[in-house]
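Chemist: One file: upload_23.pdb (PDB, C-alpha atoms).
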```
ATOM      1  CA  MET A   1       2.723 -16.609 -17.283
ATOM      2  CA  ALA A   2       4.314 -15.442 -14.055
ATOM      3  CA  LYS A   3       5.679 -18.140 -11.764
ATOM      4  CA  VAL A   4       4.281 -18.116  -8.238
ATOM      5  CA  LEU A   5       6.754 -18.816  -5.435
ATOM      6  CA  TYR A   6       5.865 -20.363  -2.091
ATOM      7  CA  GLU A   7       7.588 -21.213   1.184
ATOM      8  CA  THR A   8       9.149 -24.339  -0.298
ATOM      9  CA  ASP A   9      10.901 -22.218  -2.931
ATOM     10  CA  GLY A  10      12.983 -20.361  -0.379
ATOM     11  CA  ASP A  11      14.638 -20.668   3.005
ATOM     12  CA  PHE A  12      13.844 -18.413   5.941
ATOM     13  CA  GLY A  13      17.115 -19.596   7.446
ATOM     14  CA  VAL A  14      18.871 -17.129   5.140
ATOM     15  CA  LEU A  15      17.889 -14.434   7.650
ATOM     16  CA  GLN A  16      19.080 -16.373  10.680
ATOM     17  CA  ASN A  17      22.069 -14.798  12.431
ATOM     18  CA  ARG A  18      21.522 -11.537  10.530
ATOM     19  CA  LYS A  19      20.707  -8.380  12.400
ATOM     20  CA  ILE A  20      17.629  -6.732  10.924
ATOM     21  CA  ALA A  21      16.825  -3.045  11.428
ATOM     22  CA  ILE A  22      13.390  -1.766  10.474
ATOM     23  CA  ILE A  23      13.191   1.988  10.100
ATOM     24  CA  GLY A  24       9.669   3.311  10.531
ATOM     25  CA  TYR A  25       6.733   1.768  12.364
ATOM     26  CA  GLY A  26       3.721   2.729  10.295
ATOM     27  CA  SER A  27       1.326   0.527   8.338
ATOM     28  CA  GLN A  28       3.901  -1.725   6.679
ATOM     29  CA  GLY A  29       6.732  -1.260   9.184
ATOM     30  CA  HIS A  30       4.824  -2.613  12.150
ATOM     31  CA  ALA A  31       3.510  -5.604  10.187
ATOM     32  CA  HIS A  32       6.932  -6.618   8.891
ATOM     33  CA  ALA A  33       8.657  -6.094  12.232
ATOM     34  CA  LEU A  34       6.178  -8.088  14.300
ATOM     35  CA  SER A  35       5.846 -10.929  11.813
ATOM     36  CA  LEU A  36       9.579 -11.306  11.244
ATOM     37  CA  LYS A  37      10.129 -11.347  14.993
ATOM     38  CA  ASP A  38       7.450 -14.010  15.444
ATOM     39  CA  SER A  39       9.121 -16.030  12.682
ATOM     40  CA  GLY A  40      12.358 -16.034  14.661
ATOM     41  CA  ALA A  41      14.358 -13.154  13.184
ATOM     42  CA  ASP A  42      16.542 -10.743  15.163
ATOM     43  CA  VAL A  43      14.700  -7.446  14.669
ATOM     44  CA  THR A  44      15.362  -3.961  15.994
ATOM     45  CA  VAL A  45      12.818  -1.200  15.470
ATOM     46  CA  GLY A  46      14.207   2.245  14.745
ATOM     47  CA  VAL A  47      11.839   5.169  15.014
ATOM     48  CA  ARG A  48      12.011   8.841  15.930
ATOM     49  CA  PRO A  49      11.896   9.207  19.749
ATOM     50  CA  GLY A  50       8.679  10.748  21.011
ATOM     51  CA  SER A  51       6.816  10.153  17.765
ATOM     52  CA  GLU A  52       3.500   8.375  17.310
ATOM     53  CA  GLY A  53       5.418   5.447  15.829
ATOM     54  CA  TRP A  54       7.579   5.269  18.957
ATOM     55  CA  ARG A  55       4.522   5.105  21.196
ATOM     56  CA  ARG A  56       2.901   2.509  18.965
ATOM     57  CA  ALA A  57       6.027   0.346  18.996
ATOM     58  CA  GLU A  58       6.148   0.477  22.794
ATOM     59  CA  SER A  59       2.481  -0.501  22.976
ATOM     60  CA  HIS A  60       3.308  -3.553  20.848
ATOM     61  CA  GLY A  61       5.998  -4.680  23.279
ATOM     62  CA  TRP A  62       9.092  -3.299  21.557
ATOM     63  CA  THR A  63      11.901  -1.341  23.115
ATOM     64  CA  PRO A  64      12.435   0.975  20.152
ATOM     65  CA  VAL A  65      15.614   2.905  19.528
ATOM     66  CA  SER A  66      16.449   5.833  17.286
ATOM     67  CA  PRO A  67      16.937   5.062  13.584
ATOM     68  CA  GLU A  68      20.611   5.987  13.949
ATOM     69  CA  GLU A  69      21.075   3.399  16.701
ATOM     70  CA  ALA A  70      19.017   0.724  14.941
ATOM     71  CA  VAL A  71      21.148   0.663  11.785
ATOM     72  CA  GLN A  72      24.459   0.305  13.617
ATOM     73  CA  GLY A  73      25.878  -3.077  12.623
ATOM     74  CA  ALA A  74      22.693  -4.104  10.798
ATOM     75  CA  ASP A  75      23.008  -6.726   8.082
ATOM     76  CA  VAL A  76      19.574  -6.011   6.588
ATOM     77  CA  ILE A  77      17.962  -2.564   6.753
ATOM     78  CA  GLY A  78      14.268  -2.273   5.948
ATOM     79  CA  VAL A  79      13.261   1.262   4.986
ATOM     80  CA  PHE A  80       9.584   1.728   5.845
ATOM     81  CA  VAL A  81       9.218   5.489   6.190
ATOM     82  CA  PRO A  82       6.953   7.303   3.686
ATOM     83  CA  ASP A  83       8.245   7.824   0.140
ATOM     84  CA  HIS A  84       8.578  11.576   0.497
ATOM     85  CA  VAL A  85      10.921  11.365   3.497
ATOM     86  CA  GLN A  86      12.993   8.351   2.428
ATOM     87  CA  ARG A  87      15.701  10.407   0.750
ATOM     88  CA  ALA A  88      16.330  12.486   3.879
ATOM     89  CA  VAL A  89      16.357   9.379   6.085
ATOM     90  CA  TRP A  90      18.673   7.634   3.649
ATOM     91  CA  GLU A  91      21.185  10.482   3.615
ATOM     92  CA  ALA A  92      21.105  11.124   7.350
ATOM     93  CA  VAL A  93      20.716   7.626   8.763
ATOM     94  CA  VAL A  94      21.340   4.787   6.316
ATOM     95  CA  ALA A  95      24.083   5.890   3.924
ATOM     96  CA  PRO A  96      26.667   6.765   6.620
ATOM     97  CA  VAL A  97      26.666   3.233   8.094
ATOM     98  CA  LEU A  98      26.399   1.048   4.993
ATOM     99  CA  ARG A  99      28.994  -1.697   4.817
ATOM    100  CA  PRO A 100      29.782  -3.811   1.746
ATOM    101  CA  GLY A 101      27.346  -6.700   1.601
ATOM    102  CA  THR A 102      24.572  -4.986   3.544
ATOM    103  CA  THR A 103      21.076  -5.566   2.186
ATOM    104  CA  VAL A 104      18.682  -2.618   1.976
ATOM    105  CA  LEU A 105      15.032  -3.548   1.575
ATOM    106  CA  PHE A 106      12.063  -1.444   0.464
ATOM    107  CA  ALA A 107       8.323  -2.141   0.300
ATOM    108  CA  HIS A 108       7.874   0.118  -2.758
ATOM    109  CA  GLY A 109      10.250   1.069  -5.547
ATOM    110  CA  PHE A 110       9.497   4.796  -5.810
ATOM    111  CA  THR A 111      12.687   6.337  -4.458
ATOM    112  CA  ILE A 112      15.007   3.871  -6.171
ATOM    113  CA  HIS A 113      13.270   3.859  -9.554
ATOM    114  CA  PHE A 114      12.966   7.634  -9.754
ATOM    115  CA  GLY A 115      16.505   8.307  -8.583
ATOM    116  CA  GLN A 116      15.721   9.851  -5.228
ATOM    117  CA  ILE A 117      18.164   7.360  -3.703
ATOM    118  CA  THR A 118      21.301   5.994  -5.379
ATOM    119  CA  PRO A 119      22.845   3.200  -3.285
ATOM    120  CA  PRO A 120      26.557   2.343  -3.591
ATOM    121  CA  GLY A 121      27.357  -0.615  -5.807
ATOM    122  CA  ASP A 122      28.603  -2.892  -3.026
ATOM    123  CA  VAL A 123      25.244  -3.362  -1.264
ATOM    124  CA  ASN A 124      22.155  -5.408  -2.102
ATOM    125  CA  VAL A 125      18.983  -3.498  -2.914
ATOM    126  CA  VAL A 126      15.764  -5.532  -2.854
ATOM    127  CA  MET A 127      12.041  -5.096  -2.481
ATOM    128  CA  VAL A 128       9.271  -7.045  -0.782
ATOM    129  CA  ALA A 129       5.925  -5.416  -1.521
ATOM    130  CA  PRO A 130       2.835  -7.052   0.014
ATOM    131  CA  LYS A 131      -0.283  -6.433  -2.049
ATOM    132  CA  GLY A 132      -2.327  -5.229   0.883
ATOM    133  CA  PRO A 133      -2.231  -2.750   3.778
ATOM    134  CA  GLY A 134      -0.035  -3.483   6.766
ATOM    135  CA  HIS A 135      -2.810  -4.271   9.218
ATOM    136  CA  LEU A 136      -4.042  -6.982   6.833
ATOM    137  CA  VAL A 137      -0.500  -8.338   6.383
ATOM    138  CA  ARG A 138      -0.196  -8.664  10.143
ATOM    139  CA  ARG A 139      -3.671 -10.069  10.754
ATOM    140  CA  LEU A 140      -3.405 -12.767   8.118
ATOM    141  CA  TYR A 141       0.077 -13.738   9.317
ATOM    142  CA  SER A 142      -1.321 -14.121  12.846
ATOM    143  CA  GLU A 143      -4.113 -16.312  11.469
ATOM    144  CA  GLY A 144      -1.633 -18.611   9.733
ATOM    145  CA  ALA A 145      -2.265 -17.205   6.263
ATOM    146  CA  GLY A 146      -0.657 -14.359   4.329
ATOM    147  CA  VAL A 147      -1.016 -11.526   1.841
ATOM    148  CA  PRO A 148       0.516 -12.143  -1.607
ATOM    149  CA  ALA A 149       3.625 -10.093  -2.309
ATOM    150  CA  LEU A 150       5.984  -8.997  -5.044
ATOM    151  CA  ILE A 151       9.751  -9.333  -4.720
ATOM    152  CA  ALA A 152      12.420  -7.656  -6.825
ATOM    153  CA  VAL A 153      16.180  -7.281  -6.931
ATOM    154  CA  HIS A 154      17.582  -3.940  -8.026
ATOM    155  CA  GLN A 155      21.167  -4.679  -7.080
ATOM    156  CA  ASP A 156      22.831  -7.971  -6.155
ATOM    157  CA  ALA A 157      26.264  -7.355  -4.695
ATOM    158  CA  THR A 158      26.606 -10.606  -2.774
ATOM    159  CA  GLY A 159      24.883 -13.138  -5.007
ATOM    160  CA  ASP A 160      22.141 -13.945  -2.504
ATOM    161  CA  ALA A 161      19.958 -10.822  -2.740
ATOM    162  CA  ARG A 162      17.025 -12.753  -4.206
ATOM    163  CA  ALA A 163      17.304 -15.375  -1.467
ATOM    164  CA  VAL A 164      17.175 -12.648   1.181
ATOM    165  CA  ALA A 165      14.079 -11.075  -0.384
ATOM    166  CA  LEU A 166      12.309 -14.440  -0.604
ATOM    167  CA  ALA A 167      13.275 -15.290   2.974
ATOM    168  CA  TRP A 168      11.768 -11.972   4.083
ATOM    169  CA  ALA A 169       8.561 -12.760   2.182
ATOM    170  CA  ILE A 170       8.459 -16.111   3.968
ATOM    171  CA  GLY A 171       8.984 -14.395   7.311
ATOM    172  CA  ILE A 172       5.982 -12.071   6.917
ATOM    173  CA  GLY A 173       3.694 -14.858   5.710
ATOM    174  CA  SER A 174       3.416 -13.737   2.090
ATOM    175  CA  ALA A 175       4.961 -16.930   0.733
ATOM    176  CA  ARG A 176       2.044 -18.833   2.249
ATOM    177  CA  ALA A 177      -0.224 -17.052  -0.240
ATOM    178  CA  GLY A 178       2.162 -16.651  -3.161
ATOM    179  CA  VAL A 179       5.027 -14.426  -4.264
ATOM    180  CA  LEU A 180       5.625 -13.031  -7.754
ATOM    181  CA  GLU A 181       8.944 -11.764  -9.047
ATOM    182  CA  THR A 182       9.006  -8.339 -10.647
ATOM    183  CA  SER A 183      11.362  -5.392 -11.114
ATOM    184  CA  PHE A 184      11.551  -2.023  -9.393
ATOM    185  CA  PRO A 185      10.286  -0.191 -12.529
ATOM    186  CA  GLU A 186       7.375  -2.579 -13.086
ATOM    187  CA  GLU A 187       6.229  -2.537  -9.456
ATOM    188  CA  THR A 188       6.535   1.222  -9.129
ATOM    189  CA  GLU A 189       4.839   2.176 -12.371
ATOM    190  CA  THR A 190       1.966  -0.308 -12.115
ATOM    191  CA  ASP A 191       1.418   0.529  -8.449
ATOM    192  CA  LEU A 192       1.209   4.268  -9.063
ATOM    193  CA  PHE A 193      -1.025   3.801 -12.097
ATOM    194  CA  GLY A 194      -3.359   1.447 -10.213
ATOM    195  CA  GLU A 195      -3.675   3.863  -7.301
ATOM    196  CA  GLN A 196      -4.323   6.886  -9.472
ATOM    197  CA  ALA A 197      -6.511   5.512 -12.257
ATOM    198  CA  VAL A 198      -8.441   2.680 -10.612
ATOM    199  CA  LEU A 199      -8.100   1.779  -6.935
ATOM    200  CA  CYS A 200      -8.087   5.235  -5.354
ATOM    201  CA  GLY A 201      -8.387   8.108  -7.810
ATOM    202  CA  GLY A 202     -10.644   6.356 -10.292
ATOM    203  CA  ALA A 203     -12.837   4.685  -7.681
ATOM    204  CA  THR A 204     -13.364   7.738  -5.478
ATOM    205  CA  GLU A 205     -14.180  10.020  -8.403
ATOM    206  CA  LEU A 206     -16.607   7.448  -9.827
ATOM    207  CA  VAL A 207     -18.342   7.134  -6.451
ATOM    208  CA  LYS A 208     -18.579  10.923  -6.033
ATOM    209  CA  ALA A 209     -19.857  11.411  -9.579
ATOM    210  CA  GLY A 210     -22.599   8.828  -9.057
ATOM    211  CA  PHE A 211     -23.556  10.326  -5.692
ATOM    212  CA  GLU A 212     -23.681  13.854  -7.122
ATOM    213  CA  THR A 213     -25.742  12.729 -10.117
ATOM    214  CA  LEU A 214     -28.432  11.218  -7.889
ATOM    215  CA  VAL A 215     -28.509  14.133  -5.434
ATOM    216  CA  GLU A 216     -28.707  16.694  -8.241
ATOM    217  CA  ALA A 217     -31.647  14.749  -9.646
ATOM    218  CA  GLY A 218     -33.494  15.171  -6.340
ATOM    219  CA  TYR A 219     -32.901  11.859  -4.626
ATOM    220  CA  GLN A 220     -32.148  11.661  -0.899
ATOM    221  CA  PRO A 221     -28.395  11.918  -0.148
ATOM    222  CA  GLU A 222     -28.648   8.962   2.230
ATOM    223  CA  ILE A 223     -30.097   6.736  -0.507
ATOM    224  CA  ALA A 224     -27.425   7.958  -2.936
ATOM    225  CA  TYR A 225     -24.731   7.105  -0.378
ATOM    226  CA  PHE A 226     -25.969   3.544   0.015
ATOM    227  CA  GLU A 227     -26.276   2.976  -3.737
ATOM    228  CA  CYS A 228     -22.957   4.523  -4.798
ATOM    229  CA  LEU A 229     -20.596   3.952  -1.852
ATOM    230  CA  HIS A 230     -21.845   1.596   0.847
ATOM    231  CA  GLU A 231     -22.766  -1.259  -1.490
ATOM    232  CA  LEU A 232     -19.464  -0.964  -3.335
ATOM    233  CA  LYS A 233     -17.847  -3.213  -0.708
ATOM    234  CA  LEU A 234     -20.272  -6.012  -1.532
ATOM    235  CA  ILE A 235     -19.302  -5.875  -5.201
ATOM    236  CA  VAL A 236     -15.578  -5.594  -4.479
ATOM    237  CA  ASP A 237     -15.751  -8.614  -2.181
ATOM    238  CA  LEU A 238     -17.294 -10.647  -5.003
ATOM    239  CA  LEU A 239     -14.653  -9.438  -7.455
ATOM    240  CA  TYR A 240     -11.939 -10.346  -4.929
ATOM    241  CA  GLU A 241     -13.379 -13.809  -4.369
ATOM    242  CA  GLY A 242     -13.883 -14.873  -7.973
ATOM    243  CA  GLY A 243     -13.315 -12.137 -10.508
ATOM    244  CA  MET A 244     -15.863 -10.470 -12.758
ATOM    245  CA  ASP A 245     -17.580 -13.713 -13.766
ATOM    246  CA  TRP A 246     -18.310 -14.597 -10.125
ATOM    247  CA  MET A 247     -19.577 -11.091  -9.408
ATOM    248  CA  ARG A 248     -21.913 -11.213 -12.402
ATOM    249  CA  TYR A 249     -23.083 -14.689 -11.449
ATOM    250  CA  SER A 250     -23.889 -13.458  -7.942
ATOM    251  CA  ILE A 251     -25.891 -10.355  -8.824
ATOM    252  CA  SER A 252     -29.334 -10.186 -10.435
ATOM    253  CA  ASP A 253     -29.845 -10.539 -14.178
ATOM    254  CA  THR A 254     -31.052  -6.945 -14.201
ATOM    255  CA  ALA A 255     -27.830  -5.738 -12.596
ATOM    256  CA  GLU A 256     -25.707  -7.885 -14.901
ATOM    257  CA  TYR A 257     -27.428  -6.571 -18.034
ATOM    258  CA  GLY A 258     -26.976  -3.010 -16.806
ATOM    259  CA  ASP A 259     -23.317  -3.740 -16.057
ATOM    260  CA  LEU A 260     -22.594  -5.150 -19.501
ATOM    261  CA  THR A 261     -24.533  -2.558 -21.498
ATOM    262  CA  ARG A 262     -24.055   0.678 -19.512
ATOM    263  CA  GLY A 263     -20.647   0.261 -17.916
ATOM    264  CA  PRO A 264     -18.752   0.920 -21.167
ATOM    265  CA  ARG A 265     -20.656   4.201 -21.542
ATOM    266  CA  VAL A 266     -19.250   5.429 -18.228
ATOM    267  CA  ILE A 267     -15.735   4.119 -18.774
ATOM    268  CA  GLY A 268     -15.430   4.730 -22.496
ATOM    269  CA  GLU A 269     -12.694   5.983 -24.787
ATOM    270  CA  PRO A 270     -12.243   9.355 -22.990
ATOM    271  CA  SER A 271     -11.574   7.501 -19.729
ATOM    272  CA  ARG A 272      -9.183   5.114 -21.439
ATOM    273  CA  GLN A 273      -7.321   8.025 -23.000
ATOM    274  CA  ALA A 274      -7.054   9.688 -19.591
ATOM    275  CA  MET A 275      -5.628   6.428 -18.225
ATOM    276  CA  ARG A 276      -3.020   6.331 -20.999
ATOM    277  CA  GLU A 277      -2.017   9.895 -20.155
ATOM    278  CA  ILE A 278      -1.762   9.087 -16.447
ATOM    279  CA  LEU A 279       0.397   6.051 -17.210
ATOM    280  CA  ALA A 280       2.654   8.156 -19.438
ATOM    281  CA  GLU A 281       3.087  10.701 -16.630
ATOM    282  CA  VAL A 282       4.073   7.889 -14.273
ATOM    283  CA  GLN A 283       6.500   6.321 -16.753
ATOM    284  CA  SER A 284       8.199   9.603 -17.626
ATOM    285  CA  GLY A 285       8.710  10.538 -13.978
ATOM    286  CA  ARG A 286       6.467  13.587 -14.263
ATOM    287  CA  PHE A 287       4.224  12.463 -11.398
ATOM    288  CA  ALA A 288       7.245  11.641  -9.231
ATOM    289  CA  ARG A 289       8.754  15.083  -9.813
ATOM    290  CA  GLU A 290       5.412  16.741  -9.070
ATOM    291  CA  PHE A 291       4.990  14.738  -5.851
ATOM    292  CA  VAL A 292       8.516  15.480  -4.653
ATOM    293  CA  GLU A 293       8.068  19.186  -5.384
ATOM    294  CA  GLU A 294       4.730  19.221  -3.572
ATOM    295  CA  ASN A 295       6.375  17.824  -0.451
ATOM    296  CA  THR A 296       9.419  20.083  -0.551
ATOM    297  CA  SER A 297       7.256  23.191  -0.947
ATOM    298  CA  GLY A 298       4.961  22.655   2.016
ATOM    299  CA  ARG A 299       2.227  20.421   0.550
ATOM    300  CA  SER A 300      -0.129  23.339  -0.065
ATOM    301  CA  MET A 301      -1.972  21.638  -2.922
ATOM    302  CA  MET A 302      -2.400  18.383  -1.003
ATOM    303  CA  LYS A 303      -3.686  20.202   2.082
ATOM    304  CA  MET A 304      -6.192  22.171   0.019
ATOM    305  CA  LEU A 305      -7.456  19.073  -1.783
ATOM    306  CA  ARG A 306      -7.725  17.126   1.479
ATOM    307  CA  GLU A 307      -9.802  19.897   3.054
ATOM    308  CA  ARG A 308     -12.049  20.152   0.001
ATOM    309  CA  ALA A 309     -12.615  16.399  -0.060
ATOM    310  CA  ALA A 310     -13.433  16.313   3.656
ATOM    311  CA  ARG A 311     -16.149  18.937   3.139
ATOM    312  CA  HIS A 312     -17.921  16.975   0.387
ATOM    313  CA  GLN A 313     -21.510  16.039   1.168
ATOM    314  CA  ILE A 314     -20.796  12.340   0.684
ATOM    315  CA  GLU A 315     -18.430  12.485   3.673
ATOM    316  CA  THR A 316     -20.867  14.245   6.009
ATOM    317  CA  VAL A 317     -23.755  11.986   5.032
ATOM    318  CA  GLY A 318     -21.538   8.920   5.241
ATOM    319  CA  SER A 319     -20.272   9.814   8.693
ATOM    320  CA  GLU A 320     -23.839  10.048   9.996
ATOM    321  CA  LEU A 321     -24.894   6.775   8.391
ATOM    322  CA  ARG A 322     -21.803   4.863   9.554
ATOM    323  CA  ALA A 323     -22.511   5.991  13.116
ATOM    324  CA  MET A 324     -25.789   4.082  12.810
ATOM    325  CA  MET A 325     -23.973   0.903  11.756
ATOM    326  CA  PRO A 326     -21.768  -0.339  14.655
ATOM    327  CA  PHE A 327     -20.338  -3.210  12.582
ATOM    328  CA  VAL A 328     -18.769  -0.665  10.208
ATOM    329  CA  SER A 329     -17.188   1.478  12.928
ATOM    330  CA  GLN A 330     -15.931  -1.614  14.758
ATOM    331  CA  ALA A 331     -14.095  -2.799  11.658
ATOM    332  CA  ARG A 332     -12.394   0.583  11.318
ATOM    333  CA  GLU A 333     -11.478   0.691  15.014
ATOM    334  CA  GLN A 334      -9.905  -2.757  14.785
ATOM    335  CA  ALA A 335      -7.839  -1.710  11.780
ATOM    336  CA  GLU A 336      -6.668   1.473  13.525
ATOM    337  CA  GLN A 337      -5.700  -0.465  16.664
ATOM    338  CA  ALA A 338      -3.705  -2.937  14.575
ATOM    339  CA  THR A 339      -1.561  -0.138  13.152
TER     340      THR A 339
END
```
What does this structure look like when you write it as structure tokens?

Modeler:
Amino acid sequence: MAKVLYETDGDFGVLQNRKIAIIGYGSQGHAHALSLKDSGADVTVGVRPGSEGWRRAESHGWTPVSPEEAVQGADVIGVFVPDHVQRAVWEAVVAPVLRPGTTVLFAHGFTIHFGQITPPGDVNVVMVAPKGPGHLVRRLYSEGAGVPALIAVHQDATGDARAVALAWAIGIGSARAGVLETSFPEETETDLFGEQAVLCGGATELVKAGFETLVEAGYQPEIAYFECLHELKLIVDLLYEGGMDWMRYSISDTAEYGDLTRGPRVIGEPSRQAMREILAEVQSGRFAREFVEENTSGRSMMKMLRERAARHQIETVGSELRAMMPFVSQAREQAEQAT
């Protein structure tokens, strides 16, 4: 069983007297930068001048500088730009200034694991990956709690790479909740699989299929939306709080019987085989190559799929219904303001 690490297992002092540069100020970047600063670290935010991230950093009280300026003399460089631009940022900004003993930190292992970036052997390469979006990382830190995280060491040139990663996890509040050790391959492959087969791809397609089934059968789209999308949060909250047993305890006997007897008919062997194929594509690097090619060729497929998804009836009906529920829109507005 995996060992869970907490604040007492590390020392935030490892980061004291080290200059930290955080490149990128998006979802994770802003959360790490603000929380590390509040924990007492020396943090500089590097972001493209004039960008949305630059304006956001200024609104949060930073005096941001360009990425090129931020990394000058940095002891720890956190790379928080999106996966598909990390290689370009690495080659243009990070690689030219790396000194022996520098630590480079990522929040996801994609570019390292799939060979988009190959660091020199005399630097530390580590990962701290919170298991939650940045606005939640920041909010829970501010409330005195934290989001659990994974840490990993890809390269330990100085002998203290793990200590640096754990200190970082302490600084963003994750060690309050619990930290698990992993590897770059394990984090990357399980993360991509989870996103594609369950959390995002699997969940959204299941919701759409249920919605479409009810609408095609003649039921009101608004009722279908509530049954197949809106109430999903209630179930997920129960799963989050206590697992499947707690969810089944909390729902009606009718719902539980339907869950246990009908669920396996929806997610049966064909779905499991599709999951195995998706995992194999992740493990072999096929998905990574496809994603990199999509971004280098103009993202035509992604743009087309985004537009198609936005036109789906579940989105138009949902937008109208959410406008009638202020508590839903307020939650989204708060999340957007936090990032």

Chemist: Taking all atoms listed in the file into account, name the residue in A:His230, A:Val198, A:Ala31, A:Gln155 that is nearest to Arg139 of chain A.

Modeler: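 For Arg139 of chain A, the nearest of the given residues is A:Ala31.
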
Chemist: Please write the residues picked by the PyMOL selection byres ((chain A and resi 172) around 12) on this file as a ChimeraX atom specification.

Modeler: /A:7,12,28-41,128-130,134-149,165-171,173-179

Chemist: Select, from A:Phe211, A:Trp54, A:Phe110, A:Tyr225, the residue with the minimum atom-to-atom distance to Ser183 of chain A, counting all atoms listed in the file.

Modeler: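 Distance minimum relative to Ser183 of chain A lands on A:Phe110.
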
Chemist: Could you tell me how far atom CA of Gly201 of chain A lies from atom CA of Ile278 of chain A, in Å and to one decimal?

Modeler: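 Separating atom CA of Gly201 of chain A from atom CA of Ile278 of chain A is a distance of 10.9 Å.
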
Chemist: For segment 88-95 of chain A, work out the shell of residues within 8 Å, counting all atoms listed in the file and skipping chain neighbours fewer than 4 positions away, then give it as an NGL selection string.

Modeler: :A and (67-68 or 71 or 117 or 119)

Chemist: To one decimal in Å, tell me the separation between atom CA of Thr63 of chain A and atom CA of Gly24 of chain A.

Modeler: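 For atom CA of Thr63 of chain A relative to atom CA of Gly24 of chain A, the distance reads 13.6 Å.
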
Chemist: Taking into account only C-alpha atoms, which residue in the set A:Arg299, A:Gly53, A:Phe291, A:Leu206 is nearest to Gly263 of chain A?

Modeler: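 Ranked by minimum distance to Gly263 of chain A, first place goes to A:Leu206.
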
Chemist: Nearest residue to Gln16 of chain A out of A:His108, A:Lys208, A:Thr316, A:Asp75, using all atoms listed in the file?

Modeler: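 For Gln16 of chain A, the nearest of the candidates is A:Asp75.
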
Chemist: How many Å lie between atom CA of Gly132 of chain A and atom CA of Asp11 of chain A, rounded to one decimal?

Modeler: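 Distance reported for this atom pair: 23.0 Å.
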
Chemist: Find the residues near Pro64 of chain A: any atom within 10 Å, counting only C-alpha atoms, skip ones fewer than 3 places away on the same chain, and give them as a ChimeraX atom specification.

Modeler: /A:25,44-49,53-58,61,67,69-70

Chemist: Quick one: which residues end up in the PyMOL selection byres ((chain A and resi 4) around 8) for this structure, as a PyMOL selection string?

Modeler: chain A and resi 2-3+5-6+178-181

Chemist: When the PyMOL selection byres ((chain A and resi 196) around 12) is applied to the structure above, which residues does it catch, written out as a VMD selection string?

Modeler: chain A and resid 189 to 195 197 to 205 274 to 279 281 to 282 287

Chemist: Hey, what's within 7 Å of Asp122 of chain A if we count only C-alpha atoms and toss same-chain stuff fewer than 4 positions away? As number ranges by chain, please?

Modeler: A: 100-101, 157

Chemist: Can you tell me, as a ChimeraX atom specification, what residues are no more than 12 Å from Val215 of chain A when counting only C-alpha atoms, ignoring any on the same chain fewer than 4 positions away?

Modeler: /A:208-211,219-225,227-228,313-314,317

Chemist: The selected residues should be written to file as a PDB file, in the frame of the given file (atoms: C-alpha atoms).

Modeler:
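Below you can see again_16.pdb, which holds the result:
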```
ATOM      1  CA  LYS A 208     -18.579  10.923  -6.033  1.00  0.00           C
ATOM      2  CA  ALA A 209     -19.857  11.411  -9.579  1.00  0.00           C
ATOM      3  CA  GLY A 210     -22.599   8.828  -9.057  1.00  0.00           C
ATOM      4  CA  PHE A 211     -23.556  10.326  -5.692  1.00  0.00           C
ATOM      5  CA  TYR A 219     -32.901  11.859  -4.626  1.00  0.00           C
ATOM      6  CA  GLN A 220     -32.148  11.661  -0.899  1.00  0.00           C
ATOM      7  CA  PRO A 221     -28.395  11.918  -0.148  1.00  0.00           C
ATOM      8  CA  GLU A 222     -28.648   8.962   2.230  1.00  0.00           C
ATOM      9  CA  ILE A 223     -30.097   6.736  -0.507  1.00  0.00           C
ATOM     10  CA  ALA A 224     -27.425   7.958  -2.936  1.00  0.00           C
ATOM     11  CA  TYR A 225     -24.731   7.105  -0.378  1.00  0.00           C
ATOM     12  CA  GLU A 227     -26.276   2.976  -3.737  1.00  0.00           C
ATOM     13  CA  CYS A 228     -22.957   4.523  -4.798  1.00  0.00           C
ATOM     14  CA  GLN A 313     -21.510  16.039   1.168  1.00  0.00           C
ATOM     15  CA  ILE A 314     -20.796  12.340   0.684  1.00  0.00           C
ATOM     16  CA  VAL A 317     -23.755  11.986   5.032  1.00  0.00           C
TER      17      VAL A 317
END
```

Chemist: Which polymer residues, whether protein, DNA or RNA, lie within 6 Å of the coordinate (22.4, -3.0, 8.2) when you count only C-alpha atoms? List them as a VMD selection string, using the chain letters and numbers from the file.

Modeler: chain A and resid 71 73 to 77 102

Chemist: What does segment 206-211 of chain A look like written to a file with N, CA and C atoms, as a CSV table (one decimal), in the first residue's frame?

Modeler:
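Saved to result.csv:
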```csv
chain,number,residue,atom,x,y,z
A,206,LEU,N,-21.1,9.7,-21.6
A,206,LEU,CA,-22.2,9.0,-20.9
A,206,LEU,C,-23.3,9.9,-20.6
A,207,VAL,N,-23.0,11.1,-20.2
A,207,VAL,CA,-24.1,12.1,-19.9
A,207,VAL,C,-24.8,12.5,-21.2
A,208,LYS,N,-24.1,12.7,-22.3
A,208,LYS,CA,-24.7,13.0,-23.6
A,208,LYS,C,-25.6,11.9,-24.1
A,209,ALA,N,-25.1,10.6,-24.0
A,209,ALA,CA,-25.8,9.5,-24.4
A,209,ALA,C,-27.1,9.3,-23.7
A,210,GLY,N,-27.1,9.5,-22.4
A,210,GLY,CA,-28.3,9.5,-21.6
A,210,GLY,C,-29.3,10.5,-21.9
A,211,PHE,N,-28.8,11.8,-22.1
A,211,PHE,CA,-29.6,12.9,-22.5
A,211,PHE,C,-30.3,12.6,-23.8
```
